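A quick write-up on the structure given underneath.
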Amino acid sequence: MTQKAYLHLVKYALDLGHNISIHDGGEFQVKNSQSYKAIKDAIESVDDSEIYIRQPNNDHVGWAYVVLYGNDPEETVSDYGDNGFMDTWNNTYNALLKEQENA
């Protein structure tokens with residue numbers, strides 16, 4: 001089963017020690033959290049949300065727009081900021097998908 005892109009991104013960022021905030025279009029449901037459950041619950045409580053990823057010193061690391069419904073698992077991150085962190089995550093996620101395809 002294909003891991004959903006947004007869950008892979010959350011785990012990837014948390015494993016690197018980053019904090020995550022979730023904006024649901026009206027407010028931040030979670031701010032600077034390292035709780036996988038709180039972050040996942042916030043994302044899954046709405047149809048679409050924004051993920052803001054920051055270092056513990058609050059420096060910006062990455063951003064992604066998540067649309068949960070009507071997308072295949074690998075398309076749940078429908079847009080993301082074009083920077084080194086997000087590009088590396090995307091390459092890592094695509095390598096995982098390719099590996100699963102060939103298994």
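Letters A, B, ... go to the chains of the structure tokens in the order shown; residues in each chain start at 1; ligands are counted from 1 in the same order.
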* Filtered DSSP result for chain A, state alpha helix (DSSP H), as a VMD selection string -> chain A and resid 5 to 15 36 to 44 84 to 102
Okay, now the selection with C-alpha atoms, as a compact mmCIF listing (two decimals), in the first residue's frame?
```txt
# COMPACT_ATOMS: atom_id res chain seq x y z
CA ALA A 5 2.61 11.85 0.63
CA TYR A 6 1.59 14.18 3.47
CA LEU A 7 2.25 11.52 6.12
CA HIS A 8 5.65 10.78 4.60
CA LEU A 9 6.46 14.50 4.64
CA VAL A 10 5.42 14.86 8.28
CA LYS A 11 7.52 11.87 9.36
CA TYR A 12 10.45 13.02 7.22
CA ALA A 13 10.44 16.49 8.80
CA LEU A 14 9.95 15.23 12.35
CA ASP A 15 12.74 12.66 11.95
CA TYR A 36 2.95 13.21 14.92
CA LYS A 37 -0.56 12.45 16.23
CA ALA A 38 -1.51 16.12 16.77
CA ILE A 39 -0.20 17.07 13.32
CA LYS A 40 -1.91 14.14 11.58
CA ASP A 41 -5.20 14.80 13.39
CA ALA A 42 -5.12 18.49 12.42
CA ILE A 43 -4.48 17.71 8.75
CA GLU A 44 -7.17 15.04 8.63
CA GLY A 84 16.31 22.37 -1.16
CA PHE A 85 14.51 20.75 1.76
CA MET A 86 11.27 20.17 -0.11
CA ASP A 87 13.06 19.01 -3.26
CA THR A 88 15.06 16.49 -1.22
CA TRP A 89 11.88 15.26 0.47
CA ASN A 90 10.15 14.92 -2.92
CA ASN A 91 13.07 12.94 -4.34
CA THR A 92 13.09 10.68 -1.27
CA TYR A 93 9.34 10.09 -1.53
CA ASN A 94 9.52 9.39 -5.28
CA ALA A 95 12.35 6.89 -4.69
CA LEU A 96 10.14 5.11 -2.15
CA LEU A 97 7.27 4.97 -4.65
CA LYS A 98 9.58 3.56 -7.32
CA GLU A 99 10.91 0.98 -4.88
CA GLN A 100 7.36 -0.11 -4.00
CA GLU A 101 6.50 -0.29 -7.70
CA ASN A 102 9.40 -2.64 -8.35
```
* To do: Once DSSP has gone over the backbone, tell me which residues of range 11-97 of chain A are in strand (DSSP E or B), as a ChimeraX atom specification.
  => /A:19-23,28-33,48-54,60-67,77-80
Expected file: the selected residues, C-alpha atoms, as a short mmCIF file (atom, residue, chain, number, x, y, z; two decimals), in the first residue's frame:
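Written file, result_17.cif:
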```cif
data_model
loop_
_atom_site.label_atom_id
_atom_site.label_comp_id
_atom_site.auth_asym_id
_atom_site.auth_seq_id
_atom_site.Cartn_x
_atom_site.Cartn_y
_atom_site.Cartn_z
CA ASN A 19 8.67 21.59 14.10
CA ILE A 20 5.42 21.63 12.15
CA SER A 21 2.46 24.01 12.15
CA ILE A 22 -0.84 23.24 10.41
CA HIS A 23 -3.04 26.00 9.02
CA PHE A 28 -3.39 27.40 13.00
CA GLN A 29 -4.68 24.22 14.59
CA VAL A 30 -1.18 23.14 15.57
CA LYS A 31 1.83 25.43 16.09
CA ASN A 32 5.48 24.38 16.19
CA SER A 33 4.64 20.81 17.15
CA ASP A 48 -7.21 20.91 2.73
CA SER A 49 -4.50 22.50 4.84
CA GLU A 50 -1.05 24.00 4.75
CA ILE A 51 2.01 22.46 6.40
CA TYR A 52 4.66 24.89 7.64
CA ILE A 53 7.98 23.30 8.58
CA ARG A 54 10.50 25.14 10.75
CA HIS A 60 11.67 28.45 7.78
CA VAL A 61 12.42 25.06 6.20
CA GLY A 62 9.48 24.25 3.95
CA TRP A 63 5.81 24.60 3.05
CA ALA A 64 3.27 22.27 1.48
CA TYR A 65 -0.39 22.42 0.50
CA VAL A 66 -2.35 19.25 1.28
CA VAL A 67 -5.60 18.20 -0.38
CA VAL A 77 0.70 17.03 -1.34
CA SER A 78 -0.64 19.03 -4.24
CA ASP A 79 1.88 21.89 -4.05
CA TYR A 80 5.02 22.71 -2.13
#
```
* Asked: Using only C-alpha atoms, which of the listed residues (A:Ser45, A:Thr76, A:Asn83, A:Asn57) sits closest to Gly25 in chain A?
  ->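 Smallest separation from Gly25 in chain A among the options: A:Ser45.
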* Asked: Rounded to one decimal in Å, what is the spacing between CA of Leu68 in chain A and CA of Gly26 in chain A?
  ->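 That distance, rounded to one decimal, is 17.0 Å.
Of the residues listed (A:Gly81, A:Gly70, A:Glu75, A:Gln55), A:Gln55 shows the shortest atom-to-atom separation from Gln34 in chain A; distances use only C-alpha atoms.
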* Which distance in Å separates CA of Glu74 in chain A and CA of Lys4 in chain A, to one decimal? ->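 The value is 5.5 Å.
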